[in-house]
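Novice: Sharing my_file-v7.pdb below, PDB, C-alpha atoms and all ligand atoms:
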ATOM      1  CA  MET R   1     -24.644  -6.223  58.997
ATOM      2  CA  SER R   2     -24.753  -8.155  55.754
ATOM      3  CA  LYS R   3     -27.712  -9.870  54.112
ATOM      4  CA  ILE R   4     -27.704 -13.640  53.691
ATOM      5  CA  LEU R   5     -28.609 -14.619  50.140
ATOM      6  CA  GLU R   6     -28.544 -18.416  50.599
ATOM      7  CA  ASN R   7     -27.763 -20.886  53.366
ATOM      8  CA  GLN R   8     -27.994 -24.278  51.791
ATOM      9  CA  LYS R   9     -27.550 -27.709  53.374
ATOM     10  CA  ILE R  10     -24.884 -29.595  51.397
ATOM     11  CA  THR R  11     -24.490 -32.813  53.391
ATOM     12  CA  GLU R  12     -25.584 -34.005  56.836
ATOM     13  CA  ASP R  13     -23.102 -31.629  58.566
ATOM     14  CA  PHE R  14     -22.061 -29.060  55.955
ATOM     15  CA  TYR R  15     -23.761 -25.851  54.835
ATOM     16  CA  LEU R  16     -22.885 -23.288  52.179
ATOM     17  CA  MET R  17     -23.789 -19.698  53.043
ATOM     18  CA  LYS R  18     -23.696 -16.872  50.501
ATOM     19  CA  VAL R  19     -23.691 -13.337  51.891
ATOM     20  CA  GLU R  20     -24.056  -9.940  50.222
ATOM     21  CA  GLN R  21     -20.805  -8.141  50.976
ATOM     22  CA  ASP R  22     -18.551  -5.773  49.026
ATOM     23  CA  ASN R  23     -15.110  -7.315  49.315
ATOM     24  CA  ASP R  24     -11.640  -7.799  47.935
ATOM     25  CA  ALA R  25     -11.073 -11.176  49.610
ATOM     26  CA  SER R  26      -8.188 -13.238  48.334
ATOM     27  CA  MET R  27      -7.593 -16.989  48.426
ATOM     28  CA  GLY R  28      -6.973 -18.455  51.881
ATOM     29  CA  GLN R  29      -8.291 -15.471  53.840
ATOM     30  CA  PHE R  30     -11.066 -15.727  56.432
ATOM     31  CA  TYR R  31     -13.810 -13.662  58.053
ATOM     32  CA  MET R  32     -14.956 -13.552  61.686
ATOM     33  CA  LEU R  33     -18.693 -14.350  61.576
ATOM     34  CA  ARG R  34     -21.266 -13.403  64.192
ATOM     35  CA  ALA R  35     -25.020 -13.912  64.075
ATOM     36  CA  TRP R  36     -25.885 -13.184  67.706
ATOM     37  CA  ASP R  37     -25.781 -10.323  70.193
ATOM     38  CA  LYS R  38     -23.849 -11.295  73.357
ATOM     39  CA  TYR R  39     -23.499 -15.095  73.517
ATOM     40  CA  PRO R  40     -21.449 -16.948  72.510
ATOM     41  CA  LEU R  41     -18.870 -14.285  73.315
ATOM     42  CA  LEU R  42     -16.566 -14.822  70.364
ATOM     43  CA  SER R  43     -17.176 -14.472  66.642
ATOM     44  CA  ARG R  44     -16.241 -17.597  64.628
ATOM     45  CA  PRO R  45     -13.476 -17.692  61.976
ATOM     46  CA  ILE R  46     -14.583 -19.202  58.652
ATOM     47  CA  SER R  47     -12.538 -19.283  55.424
ATOM     48  CA  VAL R  48     -13.677 -17.693  52.210
ATOM     49  CA  TYR R  49     -14.972 -20.535  50.026
ATOM     50  CA  ASP R  50     -15.851 -18.265  47.109
ATOM     51  CA  ALA R  51     -16.126 -14.540  46.459
ATOM     52  CA  ASP R  52     -16.873 -11.967  43.820
ATOM     53  CA  GLU R  53     -16.875  -8.206  44.328
ATOM     54  CA  LYS R  54     -20.385  -8.193  45.822
ATOM     55  CA  THR R  55     -20.716 -11.548  47.624
ATOM     56  CA  VAL R  56     -18.754 -13.933  49.840
ATOM     57  CA  SER R  57     -19.567 -17.620  50.392
ATOM     58  CA  PHE R  58     -18.644 -19.816  53.338
ATOM     59  CA  LEU R  59     -18.614 -23.609  53.492
ATOM     60  CA  TYR R  60     -18.954 -24.601  57.138
ATOM     61  CA  LYS R  61     -19.361 -27.700  59.239
ATOM     62  CA  VAL R  62     -21.817 -27.648  62.114
ATOM     63  CA  VAL R  63     -19.783 -28.594  65.199
ATOM     64  CA  GLY R  64     -21.003 -26.482  68.116
ATOM     65  CA  GLN R  65     -22.917 -23.503  69.465
ATOM     66  CA  GLY R  66     -21.900 -20.923  66.848
ATOM     67  CA  THR R  67     -22.276 -23.050  63.753
ATOM     68  CA  GLU R  68     -25.618 -24.406  65.108
ATOM     69  CA  ILE R  69     -26.838 -20.794  65.043
ATOM     70  CA  PHE R  70     -25.439 -20.239  61.512
ATOM     71  CA  LYS R  71     -27.271 -23.276  60.155
ATOM     72  CA  GLU R  72     -30.676 -21.882  61.232
ATOM     73  CA  LEU R  73     -30.184 -18.625  59.287
ATOM     74  CA  LYS R  74     -32.434 -18.065  56.305
ATOM     75  CA  SER R  75     -32.123 -16.050  53.134
ATOM     76  CA  GLY R  76     -32.882 -12.401  54.057
ATOM     77  CA  ASP R  77     -31.506 -12.729  57.630
ATOM     78  CA  GLU R  78     -28.503 -10.634  58.631
ATOM     79  CA  ILE R  79     -25.028 -11.575  59.822
ATOM     80  CA  THR R  80     -21.984  -9.559  60.872
ATOM     81  CA  LEU R  81     -18.845 -10.238  58.838
ATOM     82  CA  ASP R  82     -15.513  -8.859  59.999
ATOM     83  CA  GLY R  83     -12.702  -9.248  57.486
ATOM     84  CA  PRO R  84     -11.239 -10.435  55.250
ATOM     85  CA  HIS R  85      -8.365 -11.265  57.596
ATOM     86  CA  GLY R  86      -5.015 -12.992  57.377
ATOM     87  CA  ASN R  87      -2.324 -13.793  54.878
ATOM     88  CA  GLY R  88      -3.727 -16.329  52.480
ATOM     89  CA  PHE R  89      -2.161 -18.540  49.819
ATOM     90  CA  PRO R  90       0.462 -16.934  47.561
ATOM     91  CA  ASP R  91       0.127 -16.429  43.832
ATOM     92  CA  ALA R  92       1.729 -19.292  41.896
ATOM     93  CA  THR R  93       1.929 -20.852  38.478
ATOM     94  CA  GLY R  94       3.303 -24.012  36.871
ATOM     95  CA  LYS R  95       2.186 -27.362  38.255
ATOM     96  CA  ILE R  96       0.199 -26.701  41.416
ATOM     97  CA  ALA R  97      -1.276 -29.226  43.865
ATOM     98  CA  LEU R  98      -4.017 -28.290  46.334
ATOM     99  CA  VAL R  99      -4.554 -30.826  49.118
ATOM    100  CA  GLY R 100      -7.568 -30.526  51.424
ATOM    101  CA  GLY R 101      -8.988 -32.603  54.229
ATOM    102  CA  GLY R 102     -12.450 -32.229  55.799
ATOM    103  CA  VAL R 103     -13.397 -28.573  56.374
ATOM    104  CA  GLY R 104      -9.954 -27.765  54.997
ATOM    105  CA  VAL R 105     -11.313 -28.190  51.473
ATOM    106  CA  ALA R 106     -13.221 -24.901  51.971
ATOM    107  CA  PRO R 107     -10.533 -22.321  51.055
ATOM    108  CA  LEU R 108      -9.247 -24.416  48.154
ATOM    109  CA  TYR R 109     -12.182 -23.697  45.843
ATOM    110  CA  LEU R 110     -11.435 -19.961  45.538
ATOM    111  CA  THR R 111      -7.728 -20.781  45.464
ATOM    112  CA  ALA R 112      -8.123 -23.039  42.412
ATOM    113  CA  LYS R 113     -10.431 -20.544  40.721
ATOM    114  CA  LYS R 114      -8.152 -17.534  41.268
ATOM    115  CA  LEU R 115      -4.988 -19.395  40.241
ATOM    116  CA  LYS R 116      -6.599 -20.560  36.984
ATOM    117  CA  GLU R 117      -8.003 -17.084  36.280
ATOM    118  CA  ALA R 118      -4.607 -15.449  36.794
ATOM    119  CA  HIS R 119      -2.603 -18.196  35.055
ATOM    120  CA  PRO R 120      -4.668 -20.150  32.511
ATOM    121  CA  GLU R 121      -1.473 -22.004  31.539
ATOM    122  CA  ALA R 122      -1.021 -23.352  35.093
ATOM    123  CA  THR R 123      -2.132 -26.877  35.979
ATOM    124  CA  VAL R 124      -4.111 -27.153  39.197
ATOM    125  CA  ASP R 125      -4.582 -30.690  40.557
ATOM    126  CA  MET R 126      -6.766 -31.078  43.633
ATOM    127  CA  PHE R 127      -6.651 -33.878  46.189
ATOM    128  CA  LEU R 128      -9.676 -33.825  48.498
ATOM    129  CA  GLY R 129     -10.052 -36.103  51.499
ATOM    130  CA  PHE R 130     -13.320 -36.750  53.343
ATOM    131  CA  SER R 131     -13.911 -39.010  56.314
ATOM    132  CA  GLY R 132     -17.615 -39.279  55.435
ATOM    133  CA  GLU R 133     -19.514 -38.156  52.374
ATOM    134  CA  ALA R 134     -17.661 -36.343  49.537
ATOM    135  CA  MET R 135     -19.185 -32.957  48.698
ATOM    136  CA  LEU R 136     -19.224 -30.304  45.985
ATOM    137  CA  VAL R 137     -17.024 -32.438  43.734
ATOM    138  CA  ASP R 138     -18.646 -30.976  40.586
ATOM    139  CA  ALA R 139     -17.791 -27.441  41.725
ATOM    140  CA  TYR R 140     -14.179 -28.387  42.448
ATOM    141  CA  GLU R 141     -13.919 -30.166  39.093
ATOM    142  CA  ALA R 142     -15.090 -26.999  37.327
ATOM    143  CA  ALA R 143     -12.428 -24.938  39.113
ATOM    144  CA  ALA R 144      -9.395 -27.229  38.720
ATOM    145  CA  ASP R 145      -7.777 -29.346  36.011
ATOM    146  CA  SER R 146      -8.176 -32.571  37.962
ATOM    147  CA  VAL R 147      -9.763 -33.646  41.242
ATOM    148  CA  THR R 148      -8.841 -36.802  43.126
ATOM    149  CA  VAL R 149     -11.331 -37.651  45.862
ATOM    150  CA  ASN R 150     -10.483 -39.894  48.786
ATOM    151  CA  VAL R 151     -13.269 -41.024  51.103
ATOM    152  CA  GLY R 152     -12.282 -42.748  54.324
ATOM    153  CA  GLY R 153      -8.570 -43.137  53.525
ATOM    154  CA  PHE R 154      -5.493 -40.911  53.600
ATOM    155  CA  VAL R 155      -5.511 -38.206  50.928
ATOM    156  CA  THR R 156      -1.774 -37.773  51.470
ATOM    157  CA  ASP R 157      -1.296 -41.243  49.910
ATOM    158  CA  ASP R 158      -2.746 -39.989  46.608
ATOM    159  CA  ILE R 159      -0.229 -37.281  45.779
ATOM    160  CA  ASP R 160       3.293 -37.571  44.364
ATOM    161  CA  PRO R 161       4.863 -34.309  45.629
ATOM    162  CA  THR R 162       7.809 -34.596  43.220
ATOM    163  CA  LYS R 163       5.474 -33.799  40.310
ATOM    164  CA  TYR R 164       4.679 -30.264  41.481
ATOM    165  CA  ASP R 165       6.212 -26.778  41.489
ATOM    166  CA  VAL R 166       4.162 -25.692  44.492
ATOM    167  CA  ILE R 167       1.830 -27.445  46.943
ATOM    168  CA  MET R 168      -0.828 -25.779  49.123
ATOM    169  CA  THR R 169      -2.776 -27.545  51.843
ATOM    170  CA  CYS R 170      -5.496 -27.002  54.413
ATOM    171  CA  GLY R 171      -6.932 -29.559  56.806
ATOM    172  CA  PRO R 172      -6.274 -31.267  60.117
ATOM    173  CA  GLU R 173      -2.790 -30.431  61.421
ATOM    174  CA  ILE R 174      -1.829 -34.114  61.428
ATOM    175  CA  MET R 175      -2.706 -34.403  57.712
ATOM    176  CA  MET R 176      -0.599 -31.349  56.834
ATOM    177  CA  LYS R 177       2.288 -32.672  58.933
ATOM    178  CA  VAL R 178       2.172 -36.070  57.218
ATOM    179  CA  LEU R 179       2.204 -34.272  53.859
ATOM    180  CA  TYR R 180       5.199 -32.172  54.920
ATOM    181  CA  LYS R 181       7.085 -35.297  56.012
ATOM    182  CA  LYS R 182       6.219 -37.024  52.734
ATOM    183  CA  CYS R 183       7.540 -34.021  50.772
ATOM    184  CA  VAL R 184      10.813 -34.200  52.712
ATOM    185  CA  SER R 185      11.158 -37.974  52.453
ATOM    186  CA  VAL R 186      10.652 -38.072  48.680
ATOM    187  CA  GLY R 187      12.944 -35.063  48.155
ATOM    188  CA  ALA R 188      10.252 -32.790  46.703
ATOM    189  CA  THR R 189      11.569 -29.355  45.779
ATOM    190  CA  ALA R 190       8.116 -27.696  45.727
ATOM    191  CA  PRO R 191       7.464 -25.286  48.596
ATOM    192  CA  LEU R 192       4.577 -26.507  50.759
ATOM    193  CA  TYR R 193       2.185 -23.867  52.109
ATOM    194  CA  VAL R 194      -0.002 -24.911  55.040
ATOM    195  CA  SER R 195      -3.082 -23.100  56.356
ATOM    196  CA  MET R 196      -3.235 -23.216  60.157
ATOM    197  CA  GLU R 197      -6.753 -23.313  61.585
ATOM    198  CA  ASN R 198      -5.854 -22.792  65.255
ATOM    199  CA  ARG R 199      -8.562 -21.822  67.729
ATOM    200  CA  MET R 200      -8.988 -18.052  67.567
ATOM    201  CA  ALA R 201     -10.482 -15.297  69.707
ATOM    202  CA  CYS R 202      -9.887 -11.804  68.301
ATOM    203  CA  GLY R 203      -8.864 -12.804  64.755
ATOM    204  CA  ILE R 204      -6.799  -9.636  64.338
ATOM    205  CA  GLY R 205      -3.510 -10.352  66.068
ATOM    206  CA  ALA R 206      -4.242  -8.792  69.484
ATOM    207  CA  CYS R 207      -4.943 -11.640  71.942
ATOM    208  CA  LEU R 208      -2.259 -14.250  71.050
ATOM    209  CA  VAL R 209      -4.736 -17.146  71.532
ATOM    210  CA  CYS R 210      -3.831 -18.532  68.106
ATOM    211  CA  THR R 211      -0.052 -18.449  68.620
ATOM    212  CA  CYS R 212       1.902 -21.339  67.140
ATOM    213  CA  LYS R 213       5.570 -22.213  67.474
ATOM    214  CA  THR R 214       7.550 -21.995  64.244
ATOM    215  CA  ALA R 215      11.181 -22.255  63.194
ATOM    216  CA  ASN R 216      11.173 -18.436  63.160
ATOM    217  CA  GLY R 217       9.677 -17.963  66.625
ATOM    218  CA  ASN R 218       6.074 -17.688  67.759
ATOM    219  CA  LYS R 219       3.577 -16.605  65.091
ATOM    220  CA  ARG R 220      -0.087 -15.664  65.235
ATOM    221  CA  ALA R 221      -2.135 -17.858  62.912
ATOM    222  CA  CYS R 222      -4.689 -15.059  62.398
ATOM    223  CA  LYS R 223      -2.316 -12.229  61.511
ATOM    224  CA  ASP R 224       0.995 -13.812  60.396
ATOM    225  CA  GLY R 225      -0.984 -16.682  58.819
ATOM    226  CA  PRO R 226      -3.183 -18.596  58.501
ATOM    227  CA  VAL R 227      -0.951 -19.608  55.579
ATOM    228  CA  MET R 228       2.675 -20.328  56.458
ATOM    229  CA  LEU R 229       5.453 -22.423  54.981
ATOM    230  CA  GLY R 230       5.286 -26.067  56.068
ATOM    231  CA  SER R 231       9.040 -26.001  56.714
ATOM    232  CA  GLU R 232       8.495 -23.117  59.140
ATOM    233  CA  VAL R 233       5.742 -24.897  61.084
ATOM    234  CA  PHE R 234       6.868 -28.540  60.950
ATOM    235  CA  GLY R 235      10.555 -28.245  60.049
ATOM    236  CA  ASN R 236      11.814 -28.400  63.638
ATOM    237  CA  GLU R 237       9.751 -31.375  64.746
TER     238      GLU R 237
HETATM  239  C1  LIG C 301      -8.597 -19.418  59.989
HETATM  240  C2  LIG C 301      -9.714 -20.427  60.203
HETATM  241  C3  LIG C 301     -10.537 -20.770  59.142
HETATM  242  C4  LIG C 301     -11.578 -21.677  59.326
HETATM  243  N1  LIG C 301     -12.338 -21.995  58.249
HETATM  244  C5  LIG C 301     -13.379 -22.840  58.416
HETATM  245  C6  LIG C 301     -14.226 -23.135  57.318
HETATM  246  O1  LIG C 301     -14.064 -22.625  56.191
HETATM  247  N2  LIG C 301     -15.260 -23.972  57.543
HETATM  248  C7  LIG C 301     -15.493 -24.545  58.772
HETATM  249  O2  LIG C 301     -16.437 -25.315  58.925
HETATM  250  N3  LIG C 301     -14.697 -24.283  59.822
HETATM  251  C8  LIG C 301     -13.649 -23.438  59.676
HETATM  252  N4  LIG C 301     -12.855 -23.156  60.748
HETATM  253  C9  LIG C 301     -13.162 -23.779  62.065
HETATM  254  C10 LIG C 301     -14.311 -22.994  62.702
HETATM  255  O3  LIG C 301     -13.846 -21.720  63.076
HETATM  256  C11 LIG C 301     -14.828 -23.725  63.945
HETATM  257  O4  LIG C 301     -15.360 -24.975  63.569
HETATM  258  C12 LIG C 301     -15.920 -22.902  64.617
HETATM  259  O5  LIG C 301     -15.359 -21.763  65.205
HETATM  260  C13 LIG C 301     -16.625 -23.727  65.655
HETATM  261  O6  LIG C 301     -17.551 -22.888  66.307
HETATM  262  P1  LIG C 301     -18.775 -23.505  67.132
HETATM  263  O7  LIG C 301     -19.269 -22.445  68.039
HETATM  264  O8  LIG C 301     -19.773 -24.126  66.203
HETATM  265  O9  LIG C 301     -18.126 -24.686  67.920
HETATM  266  P2  LIG C 301     -17.439 -24.619  69.381
HETATM  267  O10 LIG C 301     -18.540 -24.861  70.371
HETATM  268  O11 LIG C 301     -16.574 -23.423  69.545
HETATM  269  O12 LIG C 301     -16.535 -25.895  69.246
HETATM  270  C14 LIG C 301     -17.091 -27.175  68.900
HETATM  271  C15 LIG C 301     -15.990 -28.147  68.575
HETATM  272  O13 LIG C 301     -15.208 -27.689  67.469
HETATM  273  C16 LIG C 301     -13.843 -27.603  67.809
HETATM  274  N5  LIG C 301     -13.226 -26.418  67.182
HETATM  275  C17 LIG C 301     -13.577 -25.127  67.357
HETATM  276  N6  LIG C 301     -12.756 -24.322  66.645
HETATM  277  C18 LIG C 301     -11.888 -25.129  66.006
HETATM  278  C19 LIG C 301     -10.796 -24.913  65.150
HETATM  279  N7  LIG C 301     -10.384 -23.678  64.778
HETATM  280  N8  LIG C 301     -10.126 -25.986  64.682
HETATM  281  C20 LIG C 301     -10.490 -27.224  65.052
HETATM  282  N9  LIG C 301     -11.512 -27.494  65.868
HETATM  283  C21 LIG C 301     -12.196 -26.463  66.350
HETATM  284  C22 LIG C 301     -13.845 -27.469  69.319
HETATM  285  O14 LIG C 301     -12.630 -27.965  69.871
HETATM  286  C23 LIG C 301     -14.998 -28.308  69.732
HETATM  287  O15 LIG C 301     -14.665 -29.683  69.790
HETATM  288  C24 LIG C 301     -11.794 -22.259  60.597
HETATM  289  C25 LIG C 301     -10.975 -21.920  61.673
HETATM  290  C26 LIG C 301      -9.950 -21.012  61.475
HETATM  291  C27 LIG C 301      -9.082 -20.635  62.629
HETATM  292  S1  LIG C 302      -6.883 -14.812  67.463
HETATM  293 FE1  LIG C 302      -6.155 -13.175  68.675
HETATM  294  S2  LIG C 302      -4.066 -13.012  68.079
HETATM  295 FE2  LIG C 302      -4.885 -14.523  66.728
END
Write out the structure in this file as C-alpha cells.

Specialist:
Amino acid sequence: MSKILENQKITEDFYLMKVEQDNDASMGQFYMLRAWDKYPLLSRPISVYDADEKTVSFLYKVVGQGTEIFKELKSGDEITLDGPHGNGFPDATGKIALVGGGVGVAPLYLTAKKLKEAHPEATVDMFLGFSGEAMLVDAYEAAADSVTVNVGGFVTDDIDPTKYDVIMTCGPEIMMKVLYKKCVSVGATAPLYVSMENRMACGIGACLVCTCKTANGNKRACKDGPVMLGSEVFGNE
C-alpha cells in the first residue's frame, strides 16, 4: 500500500493524485490502481502524469465506479499501485511534437519533462485538445518549449506534421487515427507513436482483454504497448 500525499480537484471532472512510491517509471507507462478490497473486481489503469524517485502523480478523469472512489481519497489514505507497466514513449531528440486529447494529455507532461531533461537542445512543442475546460496549461508550458491549446475544436488541425522529426500522441483513438492520416497525406517523414488506452483487465499481458489488431498481428496494449507505431496500428485501415 502506498500513502496518498495529495488528491486535488483540478477541474469539474479531473483530479491530480500524488502518491508516495519508490519508482523508476518512464514516460508513457501506467500503473494499475486499486483503492478497494473486493469490488469493483478490477484495478484501474492510469498513466504516470509525473514522477520522481519517491513519488508518482496521476491525472485522472472521474468517469465511473473506480474513479469515483479515487476522487474521495484524502491525503494520508492508502492506495495499492501495481506497476509501472508497459512500453512507453521512446527516447527522442530534434524537433518533437506531443499531441494530446482529453485524458490523453496525462502522460505527455512527464514525456515533455524527461525529453527536455535528457536533450536540452531538443524542441518540444505540445498540442493539447480539450472538449471542455483547458487544464494545467501553466505546468505544460513549464515542461515544453511551446504549448498550443485547443478548446472545443480539433487539435489535429493545429499541427503541421512536416515540421517534426518525431511525433507522439495520446488521446481518443479517432483523434490519433486522424493524426496518422494527416501525417500520411502531407507526406510527413516523422515516425508517429500512438498510446493505446484500450480497456484492460490484468494489465500484465495475461488475459488478452486489451488485444488490438496491428499490421504485425494481434498485440496486447498493456504489455506490447501502450505505445506503438501509428503505422502499425492504423496503417492497414
Ligand atoms: C494504459 C491506460 C492508461 C490510462 N491513463 C489514464 C489517465 O492517465 N487518466 C485517466 O483519467 N484515465 C486513464 N485511462 C482510462 C482509465 O483507465 C478509465 O477511465 C478507468 O479505468 C475508468 O474506471 P471507472 O471504474 O471510473 O469507470 P468504469 O465504470 O469502468 O467505466 C466508465 C466509463 O468509462 C469508459 N472507460 C473505461 N475504461 C476506459 C478506457 N480504457 N478507455 C476509454 N474509456 C474507458 C467506460 O466505457 C465507461 O463508459 C487509461 C487507460 C489505459 C488503458
Ligand atoms: S489487460 Fe490483460 S492482457 Fe492486457

Novice: Neighbours of ligand LIG 302 (chain C) within 9 Å, counting only C-alpha atoms and all ligand atoms, as a list in words?

Specialist: Asn198, Arg199, Met200, Ala201, Cys202, Gly203, Ile204, Gly205, Ala206, Cys207, Leu208, Val209, Cys210, Thr211, Lys219, Arg220, Ala221, Cys222, Lys223 and Asp224 of chain R

Novice: Which of these, R:Leu128, R:Val155, R:Leu16, R:Val186, has the shortest distance to R:Tyr49 once you count all atoms listed in the file?

Specialist: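 Under the stated criterion, the closest residue is R:Leu16.
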
Novice: Using all atoms listed in the file, find the one residue out of R:Lys71, R:Lys18, R:Lys113, R:His119 that sits nearest to R:Ala142.

Specialist: R:Lys113

Novice: For ligand LIG 301 (chain C), I'd like the enclosing box, axis-aligned and padded by 6 Å on every side, reported as JSON with centre and edge lengths in Å to one decimal.

Specialist:
{"center_x": -14.2, "center_y": -24.6, "center_z": 63.3, "size_x": 23.2, "size_y": 22.3, "size_z": 26.2}

Novice: Set the cut-off to 8 Å, count all atoms listed in the file, and list whatever residues fall near ligand LIG 301 (chain C) as number ranges by chain.

Specialist: R: 14, 29-31, 40, 43-49, 58-69, 86, 103-107, 172, 195-200, 210, 221-222, 226

Novice: Create the file for the chosen residues now, containing C-alpha atoms and written as a JSON list (two decimals), keeping the file's coordinate frame.

Specialist:
[["chain", "number", "residue", "atom", "x", "y", "z"],
["R", 14, "PHE", "CA", -22.06, -29.06, 55.96],
["R", 29, "GLN", "CA", -8.29, -15.47, 53.84],
["R", 30, "PHE", "CA", -11.07, -15.73, 56.43],
["R", 31, "TYR", "CA", -13.81, -13.66, 58.05],
["R", 40, "PRO", "CA", -21.45, -16.95, 72.51],
["R", 43, "SER", "CA", -17.18, -14.47, 66.64],
["R", 44, "ARG", "CA", -16.24, -17.60, 64.63],
["R", 45, "PRO", "CA", -13.48, -17.69, 61.98],
["R", 46, "ILE", "CA", -14.58, -19.20, 58.65],
["R", 47, "SER", "CA", -12.54, -19.28, 55.42],
["R", 48, "VAL", "CA", -13.68, -17.69, 52.21],
["R", 49, "TYR", "CA", -14.97, -20.54, 50.03],
["R", 58, "PHE", "CA", -18.64, -19.82, 53.34],
["R", 59, "LEU", "CA", -18.61, -23.61, 53.49],
["R", 60, "TYR", "CA", -18.95, -24.60, 57.14],
["R", 61, "LYS", "CA", -19.36, -27.70, 59.24],
["R", 62, "VAL", "CA", -21.82, -27.65, 62.11],
["R", 63, "VAL", "CA", -19.78, -28.59, 65.20],
["R", 64, "GLY", "CA", -21.00, -26.48, 68.12],
["R", 65, "GLN", "CA", -22.92, -23.50, 69.46],
["R", 66, "GLY", "CA", -21.90, -20.92, 66.85],
["R", 67, "THR", "CA", -22.28, -23.05, 63.75],
["R", 68, "GLU", "CA", -25.62, -24.41, 65.11],
["R", 69, "ILE", "CA", -26.84, -20.79, 65.04],
["R", 86, "GLY", "CA", -5.01, -12.99, 57.38],
["R", 103, "VAL", "CA", -13.40, -28.57, 56.37],
["R", 104, "GLY", "CA", -9.95, -27.76, 55.00],
["R", 105, "VAL", "CA", -11.31, -28.19, 51.47],
["R", 106, "ALA", "CA", -13.22, -24.90, 51.97],
["R", 107, "PRO", "CA", -10.53, -22.32, 51.06],
["R", 172, "PRO", "CA", -6.27, -31.27, 60.12],
["R", 195, "SER", "CA", -3.08, -23.10, 56.36],
["R", 196, "MET", "CA", -3.24, -23.22, 60.16],
["R", 197, "GLU", "CA", -6.75, -23.31, 61.58],
["R", 198, "ASN", "CA", -5.85, -22.79, 65.26],
["R", 199, "ARG", "CA", -8.56, -21.82, 67.73],
["R", 200, "MET", "CA", -8.99, -18.05, 67.57],
["R", 210, "CYS", "CA", -3.83, -18.53, 68.11],
["R", 221, "ALA", "CA", -2.13, -17.86, 62.91],
["R", 222, "CYS", "CA", -4.69, -15.06, 62.40],
["R", 226, "PRO", "CA", -3.18, -18.60, 58.50]]

Novice: When you draw a straight line from atom CA of R:Ser131 to atom CA of R:Cys212, how long is it in Å?

Specialist: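 Distance reported for this atom pair: 26.1 Å.
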
Novice: What lies within 9 Å of stretch 89-93 of chain R using all atoms listed in the file, ignoring chain neighbours under 5 positions off, as a CSV table (one decimal) with C-alpha atoms, in the coordinates of the input?

Specialist:
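Okay, this is what ended up in around33.csv:
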chain,number,residue,atom,x,y,z
R,26,SER,CA,-8.2,-13.2,48.3
R,27,MET,CA,-7.6,-17.0,48.4
R,28,GLY,CA,-7.0,-18.5,51.9
R,29,GLN,CA,-8.3,-15.5,53.8
R,111,THR,CA,-7.7,-20.8,45.5
R,114,LYS,CA,-8.2,-17.5,41.3
R,115,LEU,CA,-5.0,-19.4,40.2
R,116,LYS,CA,-6.6,-20.6,37.0
R,118,ALA,CA,-4.6,-15.4,36.8
R,119,HIS,CA,-2.6,-18.2,35.1
R,120,PRO,CA,-4.7,-20.2,32.5
R,121,GLU,CA,-1.5,-22.0,31.5
R,122,ALA,CA,-1.0,-23.4,35.1
R,123,THR,CA,-2.1,-26.9,36.0
R,124,VAL,CA,-4.1,-27.2,39.2
R,165,ASP,CA,6.2,-26.8,41.5
R,166,VAL,CA,4.2,-25.7,44.5
R,168,MET,CA,-0.8,-25.8,49.1
R,193,TYR,CA,2.2,-23.9,52.1
R,194,VAL,CA,0.0,-24.9,55.0
R,195,SER,CA,-3.1,-23.1,56.4
R,226,PRO,CA,-3.2,-18.6,58.5
R,227,VAL,CA,-1.0,-19.6,55.6
R,228,MET,CA,2.7,-20.3,56.5

Novice: Quick check, in Å to one decimal: how far apart do atom CA of R:Tyr109 and atom CA of R:Asp77 lie?

Specialist: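 We find that atom CA of R:Tyr109 and atom CA of R:Asp77 lie 25.2 Å from each other.
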
Novice: Please, can stretch 147-158 of chain R be completed to N, CA and C atoms and returned as a CSV table (one decimal), keeping the file's coordinate frame?

Specialist:
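New file part.csv:
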chain,number,residue,atom,x,y,z
R,147,VAL,N,-9.4,-33.5,39.8
R,147,VAL,CA,-9.8,-33.6,41.2
R,147,VAL,C,-9.7,-35.1,41.6
R,148,THR,N,-8.9,-35.4,42.6
R,148,THR,CA,-8.8,-36.8,43.1
R,148,THR,C,-9.5,-36.8,44.5
R,149,VAL,N,-10.6,-37.6,44.6
R,149,VAL,CA,-11.3,-37.7,45.9
R,149,VAL,C,-11.0,-38.9,46.6
R,150,ASN,N,-10.8,-38.7,47.9
R,150,ASN,CA,-10.5,-39.9,48.8
R,150,ASN,C,-11.5,-39.9,49.9
R,151,VAL,N,-12.3,-40.9,50.0
R,151,VAL,CA,-13.3,-41.0,51.1
R,151,VAL,C,-12.8,-42.1,52.1
R,152,GLY,N,-12.6,-41.8,53.3
R,152,GLY,CA,-12.3,-42.7,54.3
R,152,GLY,C,-10.8,-43.2,54.4
R,153,GLY,N,-10.0,-42.7,53.5
R,153,GLY,CA,-8.6,-43.1,53.5
R,153,GLY,C,-7.7,-41.9,53.8
R,154,PHE,N,-6.4,-42.0,53.4
R,154,PHE,CA,-5.5,-40.9,53.6
R,154,PHE,C,-5.2,-40.2,52.3
R,155,VAL,N,-5.7,-39.0,52.2
R,155,VAL,CA,-5.5,-38.2,50.9
R,155,VAL,C,-4.0,-38.0,50.6
R,156,THR,N,-3.2,-38.0,51.7
R,156,THR,CA,-1.8,-37.8,51.5
R,156,THR,C,-1.1,-38.9,50.7
R,157,ASP,N,-1.8,-40.1,50.7
R,157,ASP,CA,-1.3,-41.2,49.9
R,157,ASP,C,-1.5,-41.0,48.4
R,158,ASP,N,-2.4,-40.1,48.0
R,158,ASP,CA,-2.7,-40.0,46.6
R,158,ASP,C,-1.8,-39.1,45.8
